[in-house]
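Peer 1: One file: entry_24.cif (mmCIF, C-alpha atoms).
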data_upload
loop_
_atom_site.label_atom_id
_atom_site.label_comp_id
_atom_site.auth_asym_id
_atom_site.auth_seq_id
_atom_site.Cartn_x
_atom_site.Cartn_y
_atom_site.Cartn_z
CA MET A 15 0.00 0.00 0.00
CA LEU A 16 1.41 3.33 -1.13
CA VAL A 17 1.33 6.52 0.94
CA LEU A 18 1.75 9.86 -0.85
CA VAL A 19 2.86 12.70 1.43
CA ALA A 20 3.66 16.41 1.08
CA PRO A 21 6.24 18.31 3.18
CA GLY A 22 5.71 21.46 5.21
CA GLN A 23 7.31 24.86 5.48
CA GLY A 24 11.08 24.89 5.87
CA ALA A 25 11.59 22.27 3.15
CA GLN A 26 12.11 24.95 0.48
CA THR A 27 15.56 25.92 -0.80
CA PRO A 28 16.60 28.58 -3.36
CA GLY A 29 16.10 27.42 -6.94
CA PHE A 30 14.47 24.11 -6.04
CA LEU A 31 11.72 24.53 -8.66
CA THR A 32 14.13 25.16 -11.56
CA PRO A 33 14.54 21.59 -12.91
CA TRP A 34 10.82 20.89 -12.59
CA LEU A 35 9.95 23.76 -14.91
CA GLU A 36 11.86 22.03 -17.70
CA LEU A 37 9.24 19.24 -17.83
CA PRO A 38 6.62 19.45 -20.62
CA GLY A 39 3.74 21.72 -19.64
CA ALA A 40 5.17 22.56 -16.22
CA ALA A 41 5.97 26.21 -16.91
CA ASP A 42 2.47 26.79 -18.31
CA ARG A 43 0.87 25.20 -15.28
CA ILE A 44 2.94 27.30 -12.87
CA ALA A 45 2.10 30.44 -14.87
CA ALA A 46 -1.62 29.71 -14.67
CA TRP A 47 -1.43 29.12 -10.92
CA SER A 48 0.62 32.30 -10.50
CA ASP A 49 -2.09 34.31 -12.26
CA ALA A 50 -4.79 32.69 -10.13
CA ILE A 51 -3.19 33.65 -6.81
CA GLY A 52 -1.35 36.85 -7.75
CA LEU A 53 2.12 35.51 -6.95
CA ASP A 54 4.99 34.83 -9.37
CA LEU A 55 5.69 31.23 -8.38
CA ALA A 56 8.29 30.72 -11.13
CA HIS A 57 10.35 33.68 -9.89
CA TYR A 58 10.26 32.57 -6.28
CA GLY A 59 10.97 28.94 -7.14
CA THR A 60 13.94 29.70 -9.39
CA LYS A 61 15.53 33.10 -8.71
CA ALA A 62 14.58 34.20 -5.20
CA ASP A 63 17.06 33.90 -2.34
CA ALA A 64 16.60 32.07 0.95
CA ASP A 65 15.24 35.11 2.79
CA GLU A 66 12.63 35.80 0.11
CA ILE A 67 11.27 32.25 0.16
CA ARG A 68 11.36 32.17 3.95
CA ASP A 69 8.50 34.70 3.86
CA THR A 70 5.44 32.76 5.01
CA ALA A 71 3.20 34.38 2.41
CA VAL A 72 5.53 33.14 -0.34
CA ALA A 73 6.74 29.81 1.05
CA GLN A 74 3.34 28.25 1.61
CA PRO A 75 1.85 28.56 -1.90
CA LEU A 76 5.26 27.81 -3.40
CA LEU A 77 5.48 24.51 -1.52
CA VAL A 78 1.94 23.48 -2.44
CA ALA A 79 2.52 24.34 -6.10
CA ALA A 80 5.77 22.34 -6.14
CA GLY A 81 4.03 19.35 -4.56
CA LEU A 82 1.19 19.42 -7.06
CA LEU A 83 3.57 19.85 -10.00
CA SER A 84 5.82 16.97 -8.99
CA ALA A 85 2.88 14.66 -8.31
CA ALA A 86 1.45 15.42 -11.74
CA ALA A 87 4.81 14.46 -13.25
CA LEU A 88 4.40 10.96 -11.82
CA GLY A 89 1.42 10.29 -14.09
CA ASP A 90 -1.56 8.27 -12.90
CA VAL A 91 -1.03 7.33 -9.26
CA THR A 92 -3.47 5.47 -7.01
CA PRO A 93 -2.16 5.83 -3.46
CA GLY A 94 -3.87 4.07 -0.62
CA VAL A 95 -3.41 7.07 1.67
CA VAL A 96 -2.53 10.74 1.31
CA ALA A 97 -1.33 13.14 3.99
CA GLY A 98 0.68 16.32 4.37
CA HIS A 99 2.74 17.91 7.10
CA SER A 100 1.35 21.32 8.12
CA VAL A 101 0.89 23.34 4.91
CA GLY A 102 1.42 20.06 3.06
CA GLU A 103 -2.12 19.16 4.15
CA PHE A 104 -3.38 21.54 1.46
CA THR A 105 -1.40 19.60 -1.14
CA ALA A 106 -2.83 16.37 0.23
CA ALA A 107 -6.37 17.78 0.13
CA ALA A 108 -5.88 18.37 -3.60
CA PHE A 109 -4.44 14.85 -4.04
CA ALA A 110 -7.58 13.49 -2.38
CA GLY A 111 -9.91 15.51 -4.61
CA VAL A 112 -11.33 17.54 -1.71
CA LEU A 113 -10.22 20.76 -3.46
CA ASP A 114 -9.07 21.29 -7.02
CA ASP A 115 -5.51 22.54 -7.49
CA THR A 116 -6.46 26.18 -7.97
CA ALA A 117 -8.82 26.24 -4.98
CA ALA A 118 -6.14 24.68 -2.78
CA LEU A 119 -3.59 27.27 -3.92
CA ARG A 120 -5.97 30.18 -3.39
CA LEU A 121 -6.81 28.99 0.09
CA VAL A 122 -3.16 28.44 1.01
CA ARG A 123 -2.30 31.88 -0.35
CA THR A 124 -4.84 33.31 2.10
CA ARG A 125 -3.33 31.12 4.84
CA GLY A 126 0.19 32.33 4.14
CA LEU A 127 -0.78 36.00 4.15
CA ALA A 128 -2.85 35.63 7.33
CA MET A 129 -0.11 33.72 9.14
CA ALA A 130 2.50 36.28 8.07
CA GLU A 131 0.33 39.03 9.55
CA ALA A 132 -0.10 37.05 12.77
CA ALA A 133 3.64 36.37 12.95
CA ALA A 134 4.36 40.10 12.66
CA ILE A 135 2.55 40.83 15.93
CA THR A 136 5.26 39.22 18.08
CA ALA A 137 8.80 38.05 17.21
CA THR A 138 8.39 34.26 17.22
CA GLY A 139 9.95 31.20 15.65
CA MET A 140 10.38 27.43 15.73
CA SER A 141 13.26 25.09 16.57
CA ALA A 142 13.65 21.35 16.07
CA LEU A 143 14.84 19.27 19.01
CA LEU A 144 16.88 16.24 18.04
CA GLY A 145 16.82 13.34 20.46
CA GLY A 146 15.20 13.09 23.85
CA ASP A 147 12.06 11.47 25.24
CA PRO A 148 8.74 13.25 24.50
CA GLU A 149 7.56 12.50 28.04
CA VAL A 150 10.52 14.53 29.31
CA THR A 151 10.73 17.09 26.51
CA VAL A 152 7.11 18.30 26.38
CA PRO A 153 6.86 19.25 30.08
CA HIS A 154 10.23 21.00 29.81
CA LEU A 155 8.98 23.06 26.87
CA GLU A 156 5.83 23.98 28.76
CA LYS A 157 7.97 25.12 31.70
CA LEU A 158 9.74 27.53 29.33
CA GLY A 159 6.43 28.78 27.91
CA LEU A 160 6.96 26.99 24.61
CA THR A 161 4.57 24.75 22.66
CA ALA A 162 5.37 21.34 21.16
CA ALA A 163 4.02 22.55 17.81
CA ASN A 164 5.12 19.51 15.78
CA VAL A 165 5.37 16.04 17.30
CA ASN A 166 6.99 14.31 14.35
CA GLY A 167 7.92 10.92 15.74
CA ALA A 168 11.31 9.22 15.55
CA GLY A 169 12.46 11.36 18.48
CA GLN A 170 11.83 14.70 16.81
CA ILE A 171 9.76 17.49 18.35
CA VAL A 172 9.55 21.08 17.10
CA ALA A 173 9.17 23.79 19.72
CA ALA A 174 7.51 27.12 18.96
CA GLY A 175 7.25 30.38 20.84
CA THR A 176 8.84 33.78 21.21
CA LEU A 177 12.47 34.30 20.24
CA GLU A 178 13.29 34.89 23.92
CA GLN A 179 11.73 31.56 24.86
CA LEU A 180 13.63 29.79 22.10
CA ALA A 181 16.88 31.38 23.28
CA ALA A 182 16.14 30.07 26.76
CA LEU A 183 15.67 26.60 25.25
CA GLU A 184 19.11 26.79 23.62
CA ALA A 185 20.59 27.51 27.05
CA ASP A 186 18.47 24.93 28.87
CA LYS A 187 17.89 21.89 26.68
CA PRO A 188 15.69 19.04 27.94
CA GLU A 189 17.51 15.96 29.18
CA GLY A 190 18.52 13.72 26.28
CA VAL A 191 18.17 16.37 23.57
CA ARG A 192 21.36 16.49 21.51
CA ARG A 193 20.73 19.59 19.44
CA VAL A 194 18.32 22.47 19.01
CA VAL A 195 18.10 23.63 15.38
CA ALA A 196 16.33 26.85 14.36
CA LEU A 197 13.96 26.28 11.42
CA LYS A 198 13.60 28.38 8.26
CA VAL A 199 10.17 29.69 9.20
CA ALA A 200 9.02 33.15 10.19
CA GLY A 201 6.71 32.51 13.13
CA ALA A 202 5.43 30.21 15.86
CA PHE A 203 3.11 28.17 13.68
CA HIS A 204 0.58 25.77 15.17
CA THR A 205 0.39 27.72 18.43
CA HIS A 206 -1.89 30.33 19.98
CA HIS A 207 0.24 32.98 18.26
CA MET A 208 -1.54 32.04 15.02
CA ALA A 209 -5.08 32.51 16.36
CA PRO A 210 -5.63 35.76 14.38
CA ALA A 211 -5.05 33.81 11.15
CA VAL A 212 -7.77 31.28 11.88
CA ALA A 213 -10.63 33.78 11.53
CA LYS A 214 -9.37 34.98 8.13
CA LEU A 215 -8.98 31.43 6.88
CA GLU A 216 -12.49 30.58 8.09
CA GLU A 217 -13.90 33.38 5.93
CA ALA A 218 -12.10 32.12 2.83
CA ALA A 219 -13.01 28.48 3.51
CA ALA A 220 -16.70 29.34 3.83
CA LEU A 221 -16.77 30.16 0.10
CA LEU A 222 -15.59 26.68 -0.93
CA SER A 223 -17.57 23.59 -1.93
CA PRO A 224 -15.30 20.73 -0.86
CA ALA A 225 -15.84 17.24 -2.24
CA ALA A 226 -15.55 13.98 -0.35
CA PRO A 227 -12.02 12.52 -0.46
CA THR A 228 -11.51 10.00 -3.24
CA THR A 229 -8.74 8.32 -1.28
CA ARG A 230 -8.03 8.04 2.43
CA TYR A 231 -6.94 11.38 3.86
CA VAL A 232 -5.05 11.30 7.17
CA SER A 233 -5.28 14.44 9.32
CA ASN A 234 -2.51 16.16 11.28
CA LYS A 235 -4.94 16.84 14.12
CA ASP A 236 -5.09 13.29 15.44
CA GLY A 237 -3.83 10.95 12.74
CA GLN A 238 -7.35 9.89 11.88
CA VAL A 239 -8.76 9.18 8.42
CA VAL A 240 -11.28 11.88 7.51
CA ALA A 241 -13.98 10.87 5.02
CA ASP A 242 -15.97 14.13 4.78
CA GLY A 243 -14.73 16.99 2.59
CA ALA A 244 -16.18 19.75 4.76
CA GLU A 245 -14.48 18.22 7.79
CA VAL A 246 -11.16 18.10 5.94
CA VAL A 247 -11.42 21.84 5.22
CA ALA A 248 -12.49 22.61 8.79
CA ARG A 249 -9.39 20.79 10.01
CA LEU A 250 -7.18 22.69 7.55
CA VAL A 251 -8.46 25.90 9.12
CA GLY A 252 -8.13 24.86 12.77
CA GLN A 253 -4.74 23.24 12.33
CA VAL A 254 -3.12 26.66 11.84
CA ALA A 255 -3.22 27.25 15.60
CA ASN A 256 -2.93 23.65 16.85
CA PRO A 257 -0.05 21.17 17.03
CA VAL A 258 0.84 18.84 14.15
CA ARG A 259 0.76 15.20 15.24
CA TRP A 260 2.78 13.60 12.47
CA ASP A 261 3.66 10.79 14.84
CA LEU A 262 0.00 9.79 14.93
CA CYS A 263 -0.25 10.06 11.14
CA MET A 264 2.60 7.57 10.80
CA GLU A 265 0.94 5.23 13.29
CA THR A 266 -2.11 5.28 11.02
CA PHE A 267 0.03 4.56 7.95
CA ARG A 268 1.40 1.54 9.76
CA THR A 269 -2.02 0.36 10.91
CA LEU A 270 -3.43 0.66 7.40
CA GLY A 271 -0.61 -1.50 6.05
CA ALA A 272 1.74 0.97 4.37
CA THR A 273 4.54 -0.69 2.40
CA ALA A 274 5.87 2.35 0.51
CA LEU A 275 5.94 6.13 0.88
CA ILE A 276 6.63 8.82 -1.72
CA GLU A 277 7.26 12.40 -0.61
CA VAL A 278 6.55 15.01 -3.27
CA CYS A 279 8.85 17.94 -4.03
CA PRO A 280 10.75 19.30 -2.16
CA GLY A 281 11.06 15.87 -0.62
CA GLY A 282 13.47 14.68 2.04
CA THR A 283 12.20 15.68 5.47
CA LEU A 284 9.28 13.26 5.78
CA THR A 285 11.10 10.36 4.13
CA GLY A 286 13.93 10.90 6.62
CA ILE A 287 11.50 10.59 9.52
CA ALA A 288 9.80 7.58 7.93
CA LYS A 289 13.08 5.71 7.54
CA ARG A 290 13.49 5.88 11.31
CA ALA A 291 9.86 5.48 12.38
CA LEU A 292 8.54 3.05 9.73
CA PRO A 293 11.23 0.39 9.28
CA GLY A 294 10.58 -1.84 6.31
CA VAL A 295 8.58 0.80 4.43
CA ALA A 296 10.25 1.68 1.10
CA THR A 297 10.65 5.42 0.51
CA VAL A 298 11.40 7.83 -2.33
CA ALA A 299 11.79 11.59 -1.97
CA LEU A 300 11.09 13.70 -5.06
CA LYS A 301 13.88 16.25 -4.90
CA THR A 302 14.44 16.68 -8.65
CA PRO A 303 12.93 15.09 -11.77
CA ASP A 304 15.81 12.61 -11.63
CA ASP A 305 13.90 10.91 -8.81
CA LEU A 306 10.78 10.26 -10.91
CA ASP A 307 11.91 6.89 -12.29
CA ALA A 308 12.58 5.50 -8.82
CA ALA A 309 9.17 6.77 -7.68
CA ARG A 310 7.42 5.20 -10.67
CA THR A 311 9.08 1.89 -9.91
CA LEU A 312 7.81 2.11 -6.34
CA ILE A 313 4.32 2.95 -7.60
CA ALA A 314 4.30 -0.06 -9.90
CA GLU A 315 5.24 -2.32 -7.00
CA HIS A 316 3.06 -0.86 -4.26
CA ALA A 317 0.17 1.30 -5.54
CA ASP A 318 -3.43 0.13 -5.19
CA VAL A 319 -4.97 -1.32 -8.32
#
What do you get writing this file as structure tokens?
Peer 2:
Amino acid sequence: MLVLVAPGQGAQTPGFLTPWLELPGAADRIAAWSDAIGLDLAHYGTKADADEIRDTAVAQPLLVAAGLLSAAALGDVTPGVVAGHSVGEFTAAAFAGVLDDTAALRLVRTRGLAMAEAAAITATGMSALLGGDPEVTVPHLEKLGLTAANVNGAGQIVAAGTLEQLAALEADKPEGVRRVVALKVAGAFHTHHMAPAVAKLEEAAALLSPAAPTTRYVSNKDGQVVADGAEVVARLVGQVANPVRWDLCMETFRTLGATALIEVCPGGTLTGIAKRALPGVATVALKTPDDLDAARTLIAEHADV
């Protein structure tokens, strides 16, 4: 059984979209999406520097567009499950047929702008903690006023809060944590700091007519399969200010019998976690079009028929 997943913010790097735009029809598709959302995706995916694509309002639609473009390059795929990490849930919602590509991009453009505005209220950020026991780490974070915004499994938790709180974490790491690594994001996502963004996203989501998922969609909220399109969209909205439970998503993949996992562009982060947390599950990360053949081989061996 094949799982198709989409990465979240922080996975982007300067120029990562460049080789994908050389594929037939790719540049036209990106141009059409750019017109639809009022953002030059080709520029930001090929020429912009790291600071420019760190901007939340840019990074989020750029990542969703890259995920959709790379998945389309695979051809016909019938995954058994789809899921996304944080903003990757919008990519997954399009994979599942809940939203069409343009609707997903328009909604995520609203999300990125709203979250950027919320992030500007207070200087906040996120840091990954490598190593440690969640039962020890989470209470330690709470003591420092931080939130365990991403519980990713395989010993990785991402803390979010003010820059002062994150500096205190650097100086006072939880027992067993080897490193604290600042992430390339511009705010404390999936915490109460993002509450102002939820209302704006609710307004935009109210104009949509979501369809029921055509394949199993696993939610970041609790790792559960969501079968109702309106509920998927409601969770996309609420997840902005609530923790990502990727660990529970992976437990669901395991329970449902996952044998292979493909991470769409810019792949790497989620496949890295899966290699540690889902032993025996074959993985391919779509980093460049050179990875498409390996992914197609995996699809032929593991996709539902």
Peer 1: I'd like the interatomic distance between CA of Ala142 in chain A and CA of Ile67 in chain A, to a tenth of an Å.
Peer 2: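 Calculated distance between CA of Ala142 in chain A and CA of Ile67 in chain A is 19.4 Å.
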Peer 1: Exactly which residues make up the result of the PyMOL selection byres ((chain A and resi 297) around 8) on this file, given as an NGL selection string?
Peer 2: :A and (274-277 or 285 or 288-289 or 295-296 or 298-299)
Peer 1: By how many Å are CA of Gly126 in chain A and CA of Gly98 in chain A apart?
Peer 2: 16.0 Å
Peer 1: Of the residues A:Ala211, A:Ala62, A:Ala130, A:Ala80, which is the one nearest to Pro33 in chain A, using only C-alpha atoms?
Peer 2: A:Ala80
Peer 1: Kindly indicate which residue among A:Ile51, A:Leu160, A:Ala86, A:Val194 lies nearest to Leu121 in chain A, using all atoms listed in the file for the distances.
Peer 2: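 Using all atoms listed in the file, the shortest distance to Leu121 in chain A belongs to A:Ile51.
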Peer 1: So, counting only C-alpha atoms, which residue among A:Arg290, A:Lys187, A:Lys235, A:Arg230 is closest to Val17 in chain A?
Peer 2: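 Nearest to Val17 in chain A: A:Arg230.
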Peer 1: I'd like the contact shell of Thr273 in chain A - 10 Å cut-off, all atoms listed in the file, skipping same-chain residues fewer than 5 positions apart - returned as an MDAnalysis selection string.
Peer 2: chainID A and resid 15:17 267:268 292:297 312 315:317
Peer 1: Rounded to one decimal, what separation in Å do you get between CA of His204 in chain A and CA of Asn164 in chain A?
Peer 2: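 Separation of CA of His204 in chain A and CA of Asn164 in chain A: 7.8 Å.
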Peer 1: Counting only C-alpha atoms, figure out which residue out of A:Pro210, A:Gly271, A:Gly286, A:Pro75 gets nearest to Ala132 in chain A.
Peer 2: A:Pro210
Peer 1: To test the calculation: enclose all listed atoms of range 271-278 of chain A in a box whose edges run along x, y and z, add 8 Å on each side, then state centre and edge lengths in Å to one decimal, as AutoDock Vina command-line options.
Peer 2:
--center_x 3.3 --center_y 6.8 --center_z 1.4 --size_x 23.9 --size_y 32.5 --size_z 25.3
Peer 1: Write out as a PyMOL selection string each polymer residue whose atoms come within 12 Å of Val19 in chain A, counting all atoms listed in the file; drop sequence neighbours fewer than 6 positions from it.
Peer 2: chain A and resi 78+81-82+84-85+93-110+230-234+260+263-264+267+274-285+288+297-300
Peer 1: Of the candidates A:Ala244, A:Leu306, A:Ala209, A:Val72, which shows the shortest atom-to-atom distance to Gly89 in chain A, using only C-alpha atoms?
Peer 2: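 Under the stated criterion, the closest residue is A:Leu306.
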Peer 1: Residues within 6 Å of Ala202 in chain A, please, as a short mmCIF file (atom, residue, chain, number, x, y, z; two decimals) with C-alpha atoms, in the coordinates of the input. Count only C-alpha atoms; anything in the same chain fewer than 3 positions from it doesn't count.
Peer 2:
data_model
loop_
_atom_site.label_atom_id
_atom_site.label_comp_id
_atom_site.auth_asym_id
_atom_site.auth_seq_id
_atom_site.Cartn_x
_atom_site.Cartn_y
_atom_site.Cartn_z
CA THR A 138 8.39 34.26 17.22
CA GLY A 139 9.95 31.20 15.65
CA MET A 140 10.38 27.43 15.73
CA ALA A 174 7.51 27.12 18.96
CA GLY A 175 7.25 30.38 20.84
#
Peer 1: For each of A:Ala173, A:Ala196, A:Ala218, A:Ala137, take the minimum atom-to-atom distance to Ala118 in chain A, counting only C-alpha atoms, then give the residue where this is smallest.
Peer 2: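 Distance minimum relative to Ala118 in chain A lands on A:Ala218.
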Peer 1: Expand the PyMOL selection byres ((chain A and resi 158) around 8) into the explicit residue set it covers here, and present it as an mmCIF file with C-alpha atoms, keeping the file's coordinate frame.
Peer 2:
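New file result.cif:
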data_model
loop_
_atom_site.group_PDB
_atom_site.id
_atom_site.type_symbol
_atom_site.label_atom_id
_atom_site.label_comp_id
_atom_site.auth_asym_id
_atom_site.auth_seq_id
_atom_site.Cartn_x
_atom_site.Cartn_y
_atom_site.Cartn_z
ATOM 1 C CA HIS A 154 10.230 21.000 29.810
ATOM 2 C CA LEU A 155 8.980 23.060 26.870
ATOM 3 C CA GLU A 156 5.830 23.980 28.760
ATOM 4 C CA LYS A 157 7.970 25.120 31.700
ATOM 5 C CA GLY A 159 6.430 28.780 27.910
ATOM 6 C CA LEU A 160 6.960 26.990 24.610
ATOM 7 C CA GLN A 179 11.730 31.560 24.860
ATOM 8 C CA ALA A 182 16.140 30.070 26.760
ATOM 9 C CA LEU A 183 15.670 26.600 25.250
#
Peer 1: Do a neighbour search on Ala213 in chain A at 12 Å with all atoms listed in the file, toss out local chain neighbours closer than 5 positions, and write the hits as a list in words.
Peer 2: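 In the requested form, the answer reads Thr124, Arg125, Ala128, Met129, Ala132, Met208, Ala218, Ala219, Ala220, Ala248, Val251, Gly252, Val254 and Ala255 of chain A.
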Peer 1: Store the residues picked out above in a file with C-alpha atoms, as an mmCIF file, keeping the file's coordinate frame.
Peer 2:
data_model
loop_
_atom_site.group_PDB
_atom_site.id
_atom_site.type_symbol
_atom_site.label_atom_id
_atom_site.label_comp_id
_atom_site.auth_asym_id
_atom_site.auth_seq_id
_atom_site.Cartn_x
_atom_site.Cartn_y
_atom_site.Cartn_z
ATOM 1 C CA THR A 124 -4.840 33.310 2.100
ATOM 2 C CA ARG A 125 -3.330 31.120 4.840
ATOM 3 C CA ALA A 128 -2.850 35.630 7.330
ATOM 4 C CA MET A 129 -0.110 33.720 9.140
ATOM 5 C CA ALA A 132 -0.100 37.050 12.770
ATOM 6 C CA MET A 208 -1.540 32.040 15.020
ATOM 7 C CA ALA A 218 -12.100 32.120 2.830
ATOM 8 C CA ALA A 219 -13.010 28.480 3.510
ATOM 9 C CA ALA A 220 -16.700 29.340 3.830
ATOM 10 C CA ALA A 248 -12.490 22.610 8.790
ATOM 11 C CA VAL A 251 -8.460 25.900 9.120
ATOM 12 C CA GLY A 252 -8.130 24.860 12.770
ATOM 13 C CA VAL A 254 -3.120 26.660 11.840
ATOM 14 C CA ALA A 255 -3.220 27.250 15.600
#
Peer 1: Please, could N, CA, C and O atoms be added to range 240-258 of chain A and the result written as an mmCIF file, keeping the file's coordinate frame?
Peer 2:
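As written to disk, part_31.cif reads:
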data_model
loop_
_atom_site.group_PDB
_atom_site.id
_atom_site.type_symbol
_atom_site.label_atom_id
_atom_site.label_comp_id
_atom_site.auth_asym_id
_atom_site.auth_seq_id
_atom_site.Cartn_x
_atom_site.Cartn_y
_atom_site.Cartn_z
ATOM 1 N N VAL A 240 -10.114 11.011 7.581
ATOM 2 C CA VAL A 240 -11.280 11.880 7.510
ATOM 3 C C VAL A 240 -11.975 11.649 6.172
ATOM 4 O O VAL A 240 -11.369 11.806 5.114
ATOM 5 N N ALA A 241 -13.254 11.272 6.223
ATOM 6 C CA ALA A 241 -13.980 10.870 5.020
ATOM 7 C C ALA A 241 -14.927 11.945 4.492
ATOM 8 O O ALA A 241 -15.551 11.751 3.451
ATOM 9 N N ASP A 242 -15.047 13.070 5.174
ATOM 10 C CA ASP A 242 -15.970 14.130 4.780
ATOM 11 C C ASP A 242 -15.178 15.362 4.321
ATOM 12 O O ASP A 242 -14.295 15.842 5.049
ATOM 13 N N GLY A 243 -15.489 15.868 3.132
ATOM 14 C CA GLY A 243 -14.730 16.990 2.590
ATOM 15 C C GLY A 243 -14.823 18.240 3.424
ATOM 16 O O GLY A 243 -13.823 18.944 3.623
ATOM 17 N N ALA A 244 -16.014 18.557 3.929
ATOM 18 C CA ALA A 244 -16.180 19.750 4.760
ATOM 19 C C ALA A 244 -15.364 19.632 6.043
ATOM 20 O O ALA A 244 -14.790 20.625 6.520
ATOM 21 N N GLU A 245 -15.278 18.427 6.584
ATOM 22 C CA GLU A 245 -14.480 18.220 7.790
ATOM 23 C C GLU A 245 -12.986 18.363 7.499
ATOM 24 O O GLU A 245 -12.234 18.905 8.314
ATOM 25 N N VAL A 246 -12.557 17.907 6.324
ATOM 26 C CA VAL A 246 -11.160 18.100 5.940
ATOM 27 C C VAL A 246 -10.825 19.591 5.926
ATOM 28 O O VAL A 246 -9.814 20.027 6.501
ATOM 29 N N VAL A 247 -11.675 20.400 5.299
ATOM 30 C CA VAL A 247 -11.420 21.840 5.220
ATOM 31 C C VAL A 247 -11.468 22.476 6.594
ATOM 32 O O VAL A 247 -10.635 23.335 6.925
ATOM 33 N N ALA A 248 -12.415 22.071 7.432
ATOM 34 C CA ALA A 248 -12.490 22.610 8.790
ATOM 35 C C ALA A 248 -11.208 22.319 9.566
ATOM 36 O O ALA A 248 -10.721 23.166 10.327
ATOM 37 N N ARG A 249 -10.640 21.144 9.343
ATOM 38 C CA ARG A 249 -9.390 20.790 10.010
ATOM 39 C C ARG A 249 -8.210 21.584 9.435
ATOM 40 O O ARG A 249 -7.293 21.956 10.183
ATOM 41 N N LEU A 250 -8.227 21.845 8.139
ATOM 42 C CA LEU A 250 -7.180 22.690 7.550
ATOM 43 C C LEU A 250 -7.163 24.058 8.223
ATOM 44 O O LEU A 250 -6.096 24.620 8.486
ATOM 45 N N VAL A 251 -8.339 24.588 8.490
ATOM 46 C CA VAL A 251 -8.460 25.900 9.120
ATOM 47 C C VAL A 251 -7.956 25.851 10.563
ATOM 48 O O VAL A 251 -7.094 26.629 10.979
ATOM 49 N N GLY A 252 -8.479 24.932 11.348
ATOM 50 C CA GLY A 252 -8.130 24.860 12.770
ATOM 51 C C GLY A 252 -6.701 24.482 13.045
ATOM 52 O O GLY A 252 -6.120 24.879 14.060
ATOM 53 N N GLN A 253 -6.087 23.740 12.105
ATOM 54 C CA GLN A 253 -4.740 23.240 12.330
ATOM 55 C C GLN A 253 -3.691 24.349 12.372
ATOM 56 O O GLN A 253 -2.604 24.174 12.912
ATOM 57 N N VAL A 254 -4.041 25.523 11.831
ATOM 58 C CA VAL A 254 -3.120 26.660 11.840
ATOM 59 C C VAL A 254 -2.642 26.986 13.253
ATOM 60 O O VAL A 254 -1.487 27.357 13.466
ATOM 61 N N ALA A 255 -3.539 26.853 14.226
ATOM 62 C CA ALA A 255 -3.220 27.250 15.600
ATOM 63 C C ALA A 255 -3.139 26.057 16.553
ATOM 64 O O ALA A 255 -3.180 26.230 17.777
ATOM 65 N N ASN A 256 -3.005 24.848 16.008
ATOM 66 C CA ASN A 256 -2.930 23.650 16.850
ATOM 67 C C ASN A 256 -1.766 22.761 16.414
ATOM 68 O O ASN A 256 -1.358 22.782 15.249
ATOM 69 N N PRO A 257 -1.228 21.967 17.329
ATOM 70 C CA PRO A 257 -0.050 21.170 17.030
ATOM 71 C C PRO A 257 -0.255 20.144 15.914
ATOM 72 O O PRO A 257 -1.348 19.604 15.733
ATOM 73 N N VAL A 258 0.810 19.883 15.170
ATOM 74 C CA VAL A 258 0.840 18.840 14.150
ATOM 75 C C VAL A 258 1.275 17.537 14.803
ATOM 76 O O VAL A 258 2.344 17.465 15.398
#
